[in-house]
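Chemist: Here you go, work_37.pdb (PDB, C-alpha atoms):
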ATOM      1  CA  MET A  10      16.584 -29.697 -10.813
ATOM      2  CA  THR A  11      15.300 -26.584 -12.488
ATOM      3  CA  GLU A  12      17.805 -23.771 -12.509
ATOM      4  CA  ALA A  13      16.839 -20.452 -10.926
ATOM      5  CA  ARG A  14      16.479 -17.915 -13.686
ATOM      6  CA  TYR A  15      15.267 -14.949 -11.669
ATOM      7  CA  ASP A  16      14.932 -14.042  -8.040
ATOM      8  CA  ARG A  17      11.421 -13.592  -6.753
ATOM      9  CA  ALA A  18      10.181 -10.483  -4.994
ATOM     10  CA  PRO A  19       9.122 -11.177  -1.412
ATOM     11  CA  GLY A  20       5.335 -11.361  -1.255
ATOM     12  CA  ASP A  21       5.018 -12.478  -4.862
ATOM     13  CA  ARG A  22       3.618 -15.890  -5.543
ATOM     14  CA  PRO A  23       5.778 -18.508  -7.326
ATOM     15  CA  SER A  24       5.882 -18.034 -11.077
ATOM     16  CA  ARG A  25       3.501 -20.082 -13.164
ATOM     17  CA  GLU A  26       6.107 -22.470 -14.537
ATOM     18  CA  MET A  27       6.831 -23.701 -11.005
ATOM     19  CA  GLN A  28       3.261 -23.999  -9.802
ATOM     20  CA  ALA A  29       1.753 -26.051 -12.582
ATOM     21  CA  ALA A  30       0.320 -28.463 -10.047
ATOM     22  CA  ALA A  31      -0.028 -25.903  -7.251
ATOM     23  CA  PRO A  32      -3.411 -25.004  -5.757
ATOM     24  CA  SER A  33      -5.189 -21.789  -6.677
ATOM     25  CA  PRO A  34      -3.917 -18.666  -4.871
ATOM     26  CA  VAL A  35      -7.241 -18.037  -3.154
ATOM     27  CA  LEU A  36      -7.040 -21.544  -1.692
ATOM     28  CA  VAL A  37      -3.516 -20.791  -0.396
ATOM     29  CA  TYR A  38      -4.711 -17.654   1.423
ATOM     30  CA  THR A  39      -7.796 -19.445   2.758
ATOM     31  CA  THR A  40      -5.697 -22.348   4.053
ATOM     32  CA  GLY A  41      -3.427 -19.837   5.774
ATOM     33  CA  LEU A  42      -6.386 -18.074   7.365
ATOM     34  CA  PHE A  43      -7.837 -21.389   8.555
ATOM     35  CA  LEU A  44      -4.534 -22.507  10.120
ATOM     36  CA  ALA A  45      -3.950 -19.087  11.718
ATOM     37  CA  VAL A  46      -7.454 -19.023  13.240
ATOM     38  CA  LEU A  47      -6.943 -22.577  14.536
ATOM     39  CA  LEU A  48      -3.590 -21.721  16.164
ATOM     40  CA  THR A  49      -4.986 -18.485  17.646
ATOM     41  CA  ALA A  50      -7.976 -20.330  19.096
ATOM     42  CA  ILE A  51      -5.691 -22.952  20.668
ATOM     43  CA  SER A  52      -3.534 -20.146  22.137
ATOM     44  CA  PHE A  53      -6.510 -18.416  23.766
ATOM     45  CA  TRP A  54      -7.812 -21.751  25.047
ATOM     46  CA  ALA A  55      -4.436 -22.763  26.492
ATOM     47  CA  ALA A  56      -4.054 -19.424  28.284
ATOM     48  CA  ASN A  57      -7.408 -19.779  30.044
ATOM     49  CA  THR A  58      -7.802 -23.480  30.711
ATOM     50  CA  SER A  59      -7.052 -25.152  34.009
ATOM     51  CA  LEU A  60      -6.584 -28.546  32.379
ATOM     52  CA  LEU A  61      -2.922 -27.985  31.554
ATOM     53  CA  TRP A  62       0.040 -27.857  33.893
ATOM     54  CA  PRO A  63       0.485 -24.105  34.504
ATOM     55  CA  GLY A  64       4.273 -24.301  34.288
ATOM     56  CA  GLY A  65       4.176 -25.491  30.692
ATOM     57  CA  VAL A  66       1.578 -23.056  29.370
ATOM     58  CA  ALA A  67       4.032 -20.231  28.641
ATOM     59  CA  LEU A  68       6.299 -22.511  26.623
ATOM     60  CA  GLY A  69       3.306 -23.928  24.758
ATOM     61  CA  LEU A  70       2.082 -20.419  23.931
ATOM     62  CA  ALA A  71       5.530 -19.519  22.587
ATOM     63  CA  VAL A  72       5.532 -22.607  20.361
ATOM     64  CA  LEU A  73       2.029 -21.817  19.068
ATOM     65  CA  ALA A  74       3.029 -18.204  18.323
ATOM     66  CA  ILE A  75       6.143 -19.274  16.407
ATOM     67  CA  ALA A  76       4.082 -21.811  14.460
ATOM     68  CA  GLN A  77       1.553 -19.119  13.567
ATOM     69  CA  MET A  78       4.309 -16.762  12.422
ATOM     70  CA  GLY A  79       5.538 -19.571  10.172
ATOM     71  CA  VAL A  80       2.019 -19.993   8.763
ATOM     72  CA  HIS A  81       1.865 -16.256   8.015
ATOM     73  CA  LEU A  82       5.263 -16.311   6.314
ATOM     74  CA  VAL A  83       4.445 -19.314   4.121
ATOM     75  CA  PHE A  84       0.791 -18.720   3.245
ATOM     76  CA  PHE A  85       0.553 -14.895   3.275
ATOM     77  CA  LEU A  86       4.077 -13.774   2.377
ATOM     78  CA  HIS A  87       4.837 -16.821   0.167
ATOM     79  CA  ILE A  88       8.321 -17.393   1.543
ATOM     80  CA  THR A  89       9.419 -20.748   0.133
ATOM     81  CA  THR A  90      12.558 -22.855   0.086
ATOM     82  CA  GLY A  91      12.814 -22.592  -3.696
ATOM     83  CA  PRO A  92      16.039 -21.345  -5.308
ATOM     84  CA  GLU A  93      14.420 -18.133  -6.572
ATOM     85  CA  SER A  94      13.552 -17.178  -3.008
ATOM     86  CA  THR A  95      17.021 -17.765  -1.514
ATOM     87  CA  ASN A  96      17.840 -14.076  -1.000
ATOM     88  CA  ASN A  97      14.584 -13.449   0.847
ATOM     89  CA  VAL A  98      15.123 -16.443   3.118
ATOM     90  CA  LEU A  99      18.730 -15.458   3.875
ATOM     91  CA  ALA A 100      17.689 -11.912   4.816
ATOM     92  CA  LEU A 101      14.893 -13.323   6.979
ATOM     93  CA  ALA A 102      17.290 -15.739   8.694
ATOM     94  CA  PHE A 103      19.638 -12.865   9.543
ATOM     95  CA  GLY A 104      16.726 -10.804  10.892
ATOM     96  CA  VAL A 105      15.536 -13.706  13.037
ATOM     97  CA  LEU A 106      19.085 -14.168  14.371
ATOM     98  CA  ILE A 107      19.295 -10.506  15.461
ATOM     99  CA  VAL A 108      15.802 -10.637  16.992
ATOM    100  CA  PHE A 109      16.781 -13.771  18.914
ATOM    101  CA  VAL A 110      20.059 -12.240  20.155
ATOM    102  CA  VAL A 111      18.359  -9.015  21.290
ATOM    103  CA  VAL A 112      15.422 -10.657  23.087
ATOM    104  CA  VAL A 113      17.108 -13.700  24.648
ATOM    105  CA  GLY A 114      20.333 -11.811  25.386
ATOM    106  CA  SER A 115      18.522  -8.997  27.196
ATOM    107  CA  MET A 116      16.376 -11.365  29.228
ATOM    108  CA  TRP A 117      19.358 -13.519  30.117
ATOM    109  CA  ILE A 118      21.570 -10.639  31.217
ATOM    110  CA  ILE A 119      18.866  -8.862  33.237
ATOM    111  CA  ALA A 120      17.688 -12.080  34.904
ATOM    112  CA  ASP A 121      21.291 -12.775  35.863
ATOM    113  CA  LEU A 122      21.701  -9.267  37.296
ATOM    114  CA  ASN A 123      18.444  -9.571  39.258
ATOM    115  CA  GLN A 124      19.572 -12.880  40.693
ATOM    116  CA  ASN A 125      22.872 -11.390  41.809
ATOM    117  CA  MET A 126      21.088  -8.463  43.412
ATOM    118  CA  LEU A 127      18.881 -10.816  45.421
ATOM    119  CA  MET A 128      21.796 -12.941  46.655
ATOM    120  CA  PRO A 129      22.968 -12.361  50.226
ATOM    121  CA  SER A 130      25.943 -10.049  49.963
ATOM    122  CA  ALA A 131      27.921 -11.895  52.640
ATOM    123  CA  GLU A 132      29.404 -14.406  50.209
ATOM    124  CA  PRO A 133      30.385 -12.627  47.045
ATOM    125  CA  MET A 134      33.066 -15.200  46.245
ATOM    126  CA  ASN A 135      30.636 -18.112  46.246
ATOM    127  CA  LEU A 136      28.555 -16.181  43.760
ATOM    128  CA  GLN A 137      31.426 -16.162  41.311
ATOM    129  CA  MET A 138      32.011 -19.859  41.783
ATOM    130  CA  GLN A 139      28.505 -20.765  40.768
ATOM    131  CA  HIS A 140      28.832 -19.374  37.271
TER     132      HIS A 140
ATOM    133  CA  MET B  12       3.626 -11.375 -11.106
ATOM    134  CA  ASN B  13       4.538  -9.116 -13.991
ATOM    135  CA  ILE B  14       7.885 -10.770 -14.364
ATOM    136  CA  SER B  15       6.480 -14.299 -14.272
ATOM    137  CA  VAL B  16       3.920 -13.454 -16.917
ATOM    138  CA  ALA B  17       6.727 -12.100 -19.031
ATOM    139  CA  ILE B  18       8.789 -15.240 -18.459
ATOM    140  CA  ASP B  19       5.919 -17.502 -19.406
ATOM    141  CA  GLY B  20       5.653 -15.908 -22.822
ATOM    142  CA  VAL B  21       9.232 -16.840 -23.733
ATOM    143  CA  PRO B  22      10.530 -20.361 -24.376
ATOM    144  CA  GLN B  23      12.612 -21.444 -21.395
ATOM    145  CA  GLU B  24      15.674 -22.434 -23.398
ATOM    146  CA  ALA B  25      16.114 -18.843 -24.550
ATOM    147  CA  LEU B  26      16.528 -17.571 -20.980
ATOM    148  CA  PRO B  27      19.981 -17.215 -19.431
ATOM    149  CA  SER B  28      20.595 -18.378 -15.872
ATOM    150  CA  ALA B  29      20.286 -15.959 -12.966
ATOM    151  CA  SER B  30      23.965 -15.017 -13.032
ATOM    152  CA  GLU B  31      23.806 -14.135 -16.708
ATOM    153  CA  ALA B  32      20.378 -12.563 -16.727
ATOM    154  CA  GLY B  33      21.580  -9.081 -15.790
ATOM    155  CA  PRO B  34      20.050  -6.846 -13.148
ATOM    156  CA  ALA B  35      16.764  -7.951 -11.605
ATOM    157  CA  SER B  36      13.595  -6.085 -12.501
ATOM    158  CA  LYS B  37      12.685  -2.997 -10.521
ATOM    159  CA  ARG B  38       9.765  -4.797  -8.882
ATOM    160  CA  ILE B  39      12.098  -7.410  -7.399
ATOM    161  CA  VAL B  40      14.661  -4.819  -6.252
ATOM    162  CA  VAL B  41      12.029  -2.552  -4.655
ATOM    163  CA  ALA B  42      10.250  -5.396  -2.875
ATOM    164  CA  TYR B  43      13.558  -6.821  -1.635
ATOM    165  CA  GLY B  44      14.594  -3.428  -0.273
ATOM    166  CA  PHE B  45      11.268  -3.098   1.507
ATOM    167  CA  TRP B  46      11.714  -6.620   2.871
ATOM    168  CA  ILE B  47      15.043  -5.516   4.405
ATOM    169  CA  PHE B  48      13.282  -2.491   5.940
ATOM    170  CA  LEU B  49      10.610  -4.766   7.433
ATOM    171  CA  LEU B  50      13.275  -6.993   8.962
ATOM    172  CA  SER B  51      14.906  -3.923  10.538
ATOM    173  CA  ASP B  52      11.451  -3.014  11.854
ATOM    174  CA  PHE B  53      11.273  -6.480  13.420
ATOM    175  CA  VAL B  54      14.623  -5.805  15.111
ATOM    176  CA  MET B  55      13.230  -2.549  16.534
ATOM    177  CA  PHE B  56      10.177  -4.408  17.840
ATOM    178  CA  ALA B  57      12.533  -7.034  19.306
ATOM    179  CA  ALA B  58      14.169  -4.303  21.404
ATOM    180  CA  LEU B  59      10.735  -3.178  22.644
ATOM    181  CA  PHE B  60       9.752  -6.792  23.360
ATOM    182  CA  ALA B  61      12.991  -7.296  25.306
ATOM    183  CA  SER B  62      12.385  -4.179  27.416
ATOM    184  CA  TYR B  63       8.809  -5.297  28.068
ATOM    185  CA  ALA B  64       9.915  -8.800  29.084
ATOM    186  CA  VAL B  65      12.496  -7.322  31.442
ATOM    187  CA  LEU B  66      10.100  -4.807  33.025
ATOM    188  CA  VAL B  67       6.903  -6.880  33.123
ATOM    189  CA  HIS B  68       7.147  -7.487  36.887
ATOM    190  CA  ALA B  69       8.276  -3.930  37.744
ATOM    191  CA  THR B  70       4.769  -2.747  38.602
ATOM    192  CA  ALA B  71       5.841  -0.491  41.524
ATOM    193  CA  GLY B  72       2.731  -1.479  43.500
ATOM    194  CA  GLY B  73       0.480  -0.454  40.610
ATOM    195  CA  PRO B  74      -1.938  -2.582  38.601
ATOM    196  CA  THR B  75      -0.601  -5.758  36.966
ATOM    197  CA  GLY B  76      -1.398  -7.095  33.514
ATOM    198  CA  ALA B  77      -3.793  -9.706  34.887
ATOM    199  CA  GLN B  78      -5.885  -6.918  36.463
ATOM    200  CA  LEU B  79      -5.867  -4.659  33.395
ATOM    201  CA  PHE B  80      -6.183  -6.846  30.304
ATOM    202  CA  ASN B  81      -9.547  -7.836  28.857
ATOM    203  CA  GLN B  82      -9.183 -11.005  26.795
ATOM    204  CA  VAL B  83     -12.446 -10.538  24.889
ATOM    205  CA  THR B  84     -11.207  -7.223  23.479
ATOM    206  CA  VAL B  85      -7.900  -8.817  22.556
ATOM    207  CA  ALA B  86      -9.659 -11.713  20.808
ATOM    208  CA  ILE B  87     -11.767  -9.286  18.734
ATOM    209  CA  GLU B  88      -8.677  -7.218  17.884
ATOM    210  CA  THR B  89      -6.836 -10.367  16.811
ATOM    211  CA  ALA B  90      -9.744 -11.470  14.623
ATOM    212  CA  CYS B  91      -9.934  -8.020  12.978
ATOM    213  CA  LEU B  92      -6.236  -7.951  12.120
ATOM    214  CA  LEU B  93      -6.149 -11.577  10.941
ATOM    215  CA  VAL B  94      -9.122 -11.218   8.602
ATOM    216  CA  SER B  95      -7.779  -7.881   7.309
ATOM    217  CA  SER B  96      -4.503  -9.657   6.490
ATOM    218  CA  TYR B  97      -6.546 -12.220   4.536
ATOM    219  CA  THR B  98      -8.478  -9.569   2.607
ATOM    220  CA  CYS B  99      -5.177  -7.784   1.934
ATOM    221  CA  GLY B 100      -3.977 -11.035   0.316
ATOM    222  CA  LEU B 101      -7.153 -11.180  -1.771
ATOM    223  CA  MET B 102      -6.533  -7.555  -2.742
ATOM    224  CA  SER B 103      -3.071  -8.403  -4.096
ATOM    225  CA  LEU B 104      -4.674 -11.193  -6.177
ATOM    226  CA  ALA B 105      -7.187  -8.681  -7.565
ATOM    227  CA  ILE B 106      -4.314  -6.293  -8.336
ATOM    228  CA  ASN B 107      -2.421  -9.014 -10.203
ATOM    229  CA  SER B 108      -5.467  -9.689 -12.369
ATOM    230  CA  ARG B 109      -6.093  -5.901 -12.709
ATOM    231  CA  ARG B 110      -9.669  -5.869 -11.474
ATOM    232  CA  TYR B 111     -10.669  -2.462 -10.126
ATOM    233  CA  LEU B 112     -13.895  -3.378  -8.352
ATOM    234  CA  ARG B 113     -12.419  -6.320  -6.444
ATOM    235  CA  THR B 114      -9.361  -4.267  -5.484
ATOM    236  CA  TYR B 115     -11.470  -1.426  -4.092
ATOM    237  CA  LEU B 116     -13.764  -3.842  -2.259
ATOM    238  CA  ALA B 117     -10.880  -5.779  -0.655
ATOM    239  CA  ALA B 118      -9.140  -2.500   0.244
ATOM    240  CA  LEU B 119     -12.352  -1.197   1.830
ATOM    241  CA  ILE B 120     -12.769  -4.329   3.987
ATOM    242  CA  THR B 121      -9.085  -4.221   4.936
ATOM    243  CA  PHE B 122      -9.400  -0.561   5.912
ATOM    244  CA  VAL B 123     -12.578  -1.051   7.957
ATOM    245  CA  LEU B 124     -11.095  -3.992   9.889
ATOM    246  CA  GLY B 125      -7.840  -2.121  10.495
ATOM    247  CA  ALA B 126      -9.753   0.949  11.682
ATOM    248  CA  ALA B 127     -11.822  -1.269  14.004
ATOM    249  CA  PHE B 128      -8.569  -2.644  15.436
ATOM    250  CA  VAL B 129      -7.168   0.834  16.089
ATOM    251  CA  THR B 130     -10.475   2.010  17.624
ATOM    252  CA  LEU B 131     -10.613  -0.962  20.011
ATOM    253  CA  GLU B 132      -6.999  -0.407  21.020
ATOM    254  CA  LEU B 133      -7.560   3.300  21.677
ATOM    255  CA  ARG B 134     -10.640   2.493  23.766
ATOM    256  CA  GLU B 135      -8.588  -0.009  25.768
ATOM    257  CA  PHE B 136      -5.881   2.621  26.354
ATOM    258  CA  ALA B 137      -8.494   5.202  27.354
ATOM    259  CA  SER B 138     -10.134   2.849  29.859
ATOM    260  CA  MET B 139      -6.717   2.012  31.353
ATOM    261  CA  ILE B 140      -5.756   5.674  31.670
ATOM    262  CA  ALA B 141      -9.165   6.436  33.212
ATOM    263  CA  ILE B 142      -8.420   4.132  36.180
ATOM    264  CA  GLY B 143      -4.972   5.625  36.704
ATOM    265  CA  ALA B 144      -2.925   3.048  34.751
ATOM    266  CA  THR B 145      -1.006   5.698  32.816
ATOM    267  CA  PRO B 146       2.445   5.182  31.258
ATOM    268  CA  GLU B 147       4.072   7.087  34.119
ATOM    269  CA  ARG B 148       2.506   4.847  36.806
ATOM    270  CA  SER B 149       5.147   2.090  36.601
ATOM    271  CA  ALA B 150       7.956   0.769  34.416
ATOM    272  CA  PHE B 151       5.680  -2.097  33.384
ATOM    273  CA  LEU B 152       3.060   0.319  32.056
ATOM    274  CA  SER B 153       5.700   2.455  30.303
ATOM    275  CA  ALA B 154       6.970  -0.623  28.479
ATOM    276  CA  PHE B 155       3.399  -1.766  27.732
ATOM    277  CA  PHE B 156       2.301   1.533  26.193
ATOM    278  CA  THR B 157       5.529   1.842  24.201
ATOM    279  CA  LEU B 158       5.296  -1.657  22.725
ATOM    280  CA  VAL B 159       1.559  -1.818  22.022
ATOM    281  CA  GLY B 160       1.379   1.863  21.071
ATOM    282  CA  CYS B 161       4.221   1.452  18.583
ATOM    283  CA  HIS B 162       2.354  -1.385  16.884
ATOM    284  CA  GLY B 163      -0.861   0.654  16.886
ATOM    285  CA  LEU B 164       1.018   3.560  15.323
ATOM    286  CA  HIS B 165       2.273   1.249  12.588
ATOM    287  CA  VAL B 166      -1.289   0.088  11.888
ATOM    288  CA  THR B 167      -2.495   3.707  11.761
ATOM    289  CA  LEU B 168       0.258   4.626   9.291
ATOM    290  CA  GLY B 169      -0.696   1.537   7.242
ATOM    291  CA  LEU B 170      -4.304   2.772   7.093
ATOM    292  CA  ILE B 171      -3.188   6.196   5.825
ATOM    293  CA  TRP B 172      -0.924   4.465   3.287
ATOM    294  CA  LEU B 173      -3.855   2.337   2.068
ATOM    295  CA  VAL B 174      -6.028   5.422   1.510
ATOM    296  CA  VAL B 175      -3.209   7.134  -0.395
ATOM    297  CA  MET B 176      -2.712   4.020  -2.544
ATOM    298  CA  MET B 177      -6.407   3.834  -3.413
ATOM    299  CA  VAL B 178      -6.330   7.492  -4.496
ATOM    300  CA  GLN B 179      -3.231   6.782  -6.605
ATOM    301  CA  LEU B 180      -4.962   3.763  -8.131
ATOM    302  CA  ALA B 181      -8.007   5.866  -9.005
ATOM    303  CA  VAL B 182      -5.857   8.589 -10.573
ATOM    304  CA  MET B 183      -3.047   6.605 -12.210
ATOM    305  CA  GLY B 184      -4.681   3.231 -12.826
ATOM    306  CA  PHE B 185      -2.726  -0.060 -12.691
ATOM    307  CA  ASP B 186       0.589   1.632 -13.362
ATOM    308  CA  ALA B 187       3.776  -0.379 -12.685
ATOM    309  CA  THR B 188       4.734   2.169 -10.008
ATOM    310  CA  VAL B 189       1.371   1.829  -8.268
ATOM    311  CA  GLN B 190       1.618  -1.965  -8.397
ATOM    312  CA  ARG B 191       5.074  -1.889  -6.781
ATOM    313  CA  ARG B 192       3.796   0.370  -4.006
ATOM    314  CA  LEU B 193       0.787  -1.875  -3.440
ATOM    315  CA  LEU B 194       3.112  -4.896  -3.200
ATOM    316  CA  CYS B 195       5.113  -3.041  -0.524
ATOM    317  CA  PHE B 196       1.875  -2.161   1.294
ATOM    318  CA  SER B 197       0.741  -5.797   1.400
ATOM    319  CA  LEU B 198       4.180  -6.834   2.718
ATOM    320  CA  PHE B 199       3.869  -4.158   5.416
ATOM    321  CA  TRP B 200       0.356  -5.242   6.390
ATOM    322  CA  HIS B 201       1.226  -8.953   6.630
ATOM    323  CA  ALA B 202       4.341  -8.089   8.661
ATOM    324  CA  LEU B 203       2.236  -6.088  11.134
ATOM    325  CA  ASP B 204       0.037  -9.143  11.612
ATOM    326  CA  ILE B 205       3.134 -11.225  12.400
ATOM    327  CA  VAL B 206       4.200  -8.669  15.032
ATOM    328  CA  TRP B 207       0.685  -8.780  16.499
ATOM    329  CA  VAL B 208       0.912 -12.585  16.871
ATOM    330  CA  ALA B 209       4.009 -12.160  19.038
ATOM    331  CA  LEU B 210       2.372  -9.254  20.842
ATOM    332  CA  PHE B 211      -0.897 -10.860  21.873
ATOM    333  CA  THR B 212       0.953 -14.002  22.948
ATOM    334  CA  VAL B 213       3.662 -12.308  25.012
ATOM    335  CA  VAL B 214       1.709  -9.367  26.430
ATOM    336  CA  TYR B 215      -1.874 -10.489  26.760
ATOM    337  CA  LEU B 216      -1.936 -14.298  26.987
ATOM    338  CA  MET B 217       1.252 -14.837  28.997
ATOM    339  CA  GLY B 218       0.250 -11.834  31.128
ATOM    340  CA  VAL B 219      -3.011 -13.397  32.276
ATOM    341  CA  SER B 220      -2.328 -17.147  32.120
ATOM    342  CA  PRO B 221      -2.432 -18.803  35.547
TER     343      PRO B 221
END
What is this structure when it is put down as C-alpha cells?
Modeler:
Amino acid sequence: MTEARYDRAPGDRPSREMQAAAPSPVLVYTTGLFLAVLLTAISFWAANTSLLWPGGVALGLAVLAIAQMGVHLVFFLHITTGPESTNNVLALAFGVLIVFVVVVGSMWIIADLNQNMLMPSAEPMNLQMQH
Amino acid sequence: MNISVAIDGVPQEALPSASEAGPASKRIVVAYGFWIFLLSDFVMFAALFASYAVLVHATAGGPTGAQLFNQVTVAIETACLLVSSYTCGLMSLAINSRRYLRTYLAALITFVLGAAFVTLELREFASMIAIGATPERSAFLSAFFTLVGCHGLHVTLGLIWLVVMMVQLAVMGFDATVQRRLLCFSLFWHALDIVWVALFTVVYLMGVSP
C-alpha cells in the first residue's frame, strides 16, 4: 500500500508515480469517447426500437444514462478510487445523495398526492389503511 | 499536473505523509472548491429535473413532448457536446505540456462545437415557439424551457468563459493562475456534458419512447 502524500485536484490525472503502467492520457480520453458514443447510440436505438418490451425501455434508458455518467466521471474527470482522490469522491457521493433525495423524493410525494386526488372521496378511511 | 511534476523530482522518502505535508497547493484547493460548486449546480439541476418529471404530463391540452421533439436534432446536439468534451480533454493535455498551438486549436474546435450546440437548441426553441408551444402554454412547457434553457445558458456562459481564457492565455501565457482557471473551465465543460446525458435521456428519449 502506497501512502497518500497529497490530495489530487479533481480533473487532474493521477500523478506519474502512480501511473507507471497506465495508458497514455490521449488513449484514456479516446476510450471514454468511444464508450460514451456506444452508450449514447444504444440509448437512441432503445428509445426508437419496437423489439423491446415498452415497459422496460424507460428503466433501461435510466441505466444507460447512469452508466454514461460514470464513464464521463472516470475517463474525462479522472475520478478514481485512489487514496489521493478520497475528498473528491466523498464530495461527489454527498452531491449524488442530495440529487437522489430531491428527484426521487419529489416524484414520490407528488405521485402519492396525485393518486390520493384520483381516489373516490367516499372512503377516505380506506385510503389511510392502504399506506 | 504541476504538483505531480514537482513530486517526481524529489525522492519519495523525503516526503511527509498527507497529514504532515501542510496545506495543499493552491491548484488543489481551487479545483476542489470549484468541484463543490459544480456539485451544488448538480443539486440545482436536480430540482429542475424533479419539477420537469412532476409536470411532464400536465400539458393542459397543448402539444406533448412526442409531438414536439425532433430526435435527429437531439442526436446532432448530443454528438456536438460529446466531441467538444473530448476536445476539451485534449486541450487540458496540451495545457499540461504547455503547447500554445495545440491549446488554441483544441479550444477553437471546442468553441465551434459548443456554438453549434447552442445554435441548434435556439433553432429548436424558435420552431417550437413558432407553432404556439411557448413556455406559457402549459406547465409541461414551462418546466421544459426552464430545464433545457438553464442548461443552454450554462453552455453559453461556458463559451464566453472559453473566449476570455484564450485572451488571458494570449496575454499572460501559461501562468499558474491561467492554468488553474483553465482547469476549472474543463471541469465545468465536462460537468455540463454529464448534465446533458441526463437531460437527453429524461426529456427527449423517455419523452418519445413508445
Chemist: Can you measure atom CA of Asp204 of chain B to atom CA of Thr70 of chain B for me? One decimal in Å is fine.
Modeler: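 Those two atoms sit 28.1 Å apart.
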Chemist: Name the closest residue to chain B among the candidates A:Trp62, A:Trp54, A:Phe43, A:Tyr38; distances are taken between atoms, counting only C-alpha atoms.
Modeler: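 Selected residue with least distance to chain B: A:Tyr38.
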Chemist: Env of Val83 of chain B: 12 Å cut, atoms = all atoms listed in the file, seq-sep filter 3 positions within chain, self excluded. Answer as a ChimeraX atom specification.
Modeler: /A:53,57 /B:80,86-90,131,135,211,215-216
Chemist: I want to know what sits within 10 Å of Leu193 of chain B, based on only C-alpha atoms, with residues of the same chain fewer than 2 positions away left out; could you give that as an MDAnalysis selection string?
Modeler: chainID B and resid 99 102:103 106 172:173 176:177 180 187:191 195:199
Chemist: Can you spell out as JSON, numbers by chain the set of residues that the PyMOL selection byres ((chain A and resi 99-111) around 12) selects in the structure I just provided?
Modeler: {"A": [19, 75, 78, 79, 82, 86, 88, 89, 90, 91, 92, 93, 94, 95, 96, 97, 98, 112, 113, 114, 115, 116, 117, 118, 119], "B": [43, 44, 45, 46, 47, 48, 49, 50, 51, 52, 53, 54, 55, 56, 57, 58, 59, 60, 61, 62, 64, 65, 202, 206]}
Chemist: Can you list, as a list in words, the residues that the PyMOL selection byres ((chain B and resi 119) around 12) selects here?
Modeler: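 On this input, the PyMOL selection byres ((chain B and resi 119) around 12) captures Ser95, Thr98, Cys99, Leu101, Met102, Leu112, Arg113, Thr114, Tyr115, Leu116, Ala117, Ala118, Ile120, Thr121, Phe122, Val123, Leu124, Gly125, Ala126, Leu170, Leu173, Val174, Met176 and Met177 of chain B.
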Chemist: Calculate how many Å separate atom CA of Ala144 of chain B from atom CA of Ala74 of chain A, rounding to one decimal.
Modeler: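 Atom-to-atom, atom CA of Ala144 of chain B to atom CA of Ala74 of chain A, that is 27.5 Å.
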Chemist: Quote the spacing between atom CA of Ala150 of chain B and atom CA of Gly76 of chain B in Å to one decimal place.
Modeler: 12.3 Å
Chemist: Give the padded box for segment 61-80 of chain A as AutoDock Vina command-line options: axis-aligned, covering all atoms listed in the file, 3 Å on each side, centre and edge lengths in Å to one decimal.
Modeler:
--center_x 1.7 --center_y -22.4 --center_z 21.6 --size_x 15.2 --size_y 17.2 --size_z 31.7
Chemist: Out of A:Leu122, A:Leu127, A:Ala67, A:Ala45, which residue has the shortest atom-to-atom distance to His81 of chain A when counting all atoms listed in the file?
Modeler: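 Nearest candidate to His81 of chain A out of A:Leu122, A:Leu127, A:Ala67, A:Ala45: A:Ala45.
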